[in-house]
Amino acid sequence: MKTRGLFATAAAALVLAGCPQPDDQRTETITDRDVLTARAELHPAAAAALDSGNISYRERDYERALRHYHEAVEIHGDLAAAWFGIYMAQMALDNPEAAEAAMEQARMHAPDASLIQPDPDMPVPPDHPALPDTLP
């Protein structure tokens with residue numbers, strides 16, 4: 001349940017990261033209107049694939065979610081929310097290397113989205129799947 005909330009919040013923040021804003025928007029300030037405005041800028045097929053991926057992920061059908069997220073990035077390659085979806089699905093499927101590659105794409109396409117940027121002051125647990133040399 002907690003993962004779903006994090007995923008929805010991060011996905012909304014990533015969709016908004018593509019919108020011109022002066023700074024990273026605090027998650028609690030993101031309104032439904034902000035999300036709708038950001039979605040209006042997406043290709044309809046990419047938005048539909050992203051939605052389908054999110055539904056599949058919530059249903060715990062991670063393979064199907066992955067297919068939908070890949071479809072979204074084929075249409076809209078710089079869609080950070082879809083790359084984040086790939087990350088989440090790959091983690092759920094226990095593919096940490098593929099997950100980290102997707103997270104790098106999400107970070108590249110949403111450099112101002114603080115929710116997905118590594119925090120150099122936060123210690124990394126020893127059992128974290130990220131490779132130590134990928135952290136700043």
# chains A, B, ... in the order shown; residues from 1 in each chain; ligands from 1

$ residues_around --residues "A:Leu50" --least-positions-apart "3" --cutoff "9 Å" --atoms "only C-alpha atoms" --output "compact mmCIF listing (two decimals) with N, CA and C atoms, in the first residue's frame"
# COMPACT_ATOMS: atom_id res chain seq x y z
N ALA A 45 -1.33 8.77 -26.97
CA ALA A 45 -0.97 7.35 -26.90
C ALA A 45 0.05 7.10 -25.78
N ALA A 46 0.96 8.04 -25.56
CA ALA A 46 1.93 7.90 -24.47
C ALA A 46 1.22 7.98 -23.12
N ALA A 47 0.28 8.91 -23.00
CA ALA A 47 -0.49 9.04 -21.76
C ALA A 47 -1.30 7.76 -21.50
N GLY A 53 0.13 1.19 -17.83
CA GLY A 53 1.23 0.68 -17.01
C GLY A 53 0.95 0.85 -15.53
N ASN A 54 0.42 2.01 -15.16
CA ASN A 54 0.11 2.27 -13.75
C ASN A 54 -0.97 1.32 -13.24
N ILE A 55 -1.98 1.08 -14.06
CA ILE A 55 -3.05 0.15 -13.67
C ILE A 55 -2.47 -1.26 -13.50
N ALA A 65 2.87 -4.30 -16.91
CA ALA A 65 3.20 -2.90 -16.63
C ALA A 65 4.45 -2.49 -17.40
N HIS A 68 3.76 -1.82 -21.03
CA HIS A 68 3.09 -0.53 -21.24
C HIS A 68 4.06 0.64 -21.05
N TYR A 69 4.90 0.58 -20.04
CA TYR A 69 5.86 1.66 -19.82
C TYR A 69 6.85 1.75 -20.98
N HIS A 70 7.27 0.60 -21.50
CA HIS A 70 8.16 0.62 -22.67
C HIS A 70 7.44 1.22 -23.89
N GLU A 71 6.18 0.91 -24.03
CA GLU A 71 5.40 1.52 -25.12
C GLU A 71 5.37 3.04 -24.97
N ALA A 72 5.20 3.51 -23.75
CA ALA A 72 5.18 4.96 -23.51
C ALA A 72 6.50 5.62 -23.89
N VAL A 73 7.64 4.99 -23.55
CA VAL A 73 8.92 5.60 -23.89
C VAL A 73 9.24 5.47 -25.38
N ALA A 81 8.26 9.89 -16.19
CA ALA A 81 7.31 9.07 -15.44
C ALA A 81 7.29 7.63 -15.96
N ALA A 82 7.41 7.45 -17.27
CA ALA A 82 7.44 6.11 -17.83
C ALA A 82 8.75 5.40 -17.47
N GLY A 85 8.39 4.28 -14.06
CA GLY A 85 7.54 3.09 -14.05
C GLY A 85 8.34 1.84 -14.40

$ atom_distance --atom1 "atom CA of A:Pro111" --atom2 "atom CA of A:Gln90"
21.2 Å

$ atom_distance --atom1 "atom CA of A:Met108" --atom2 "atom CA of A:Ile86"
14.3 Å
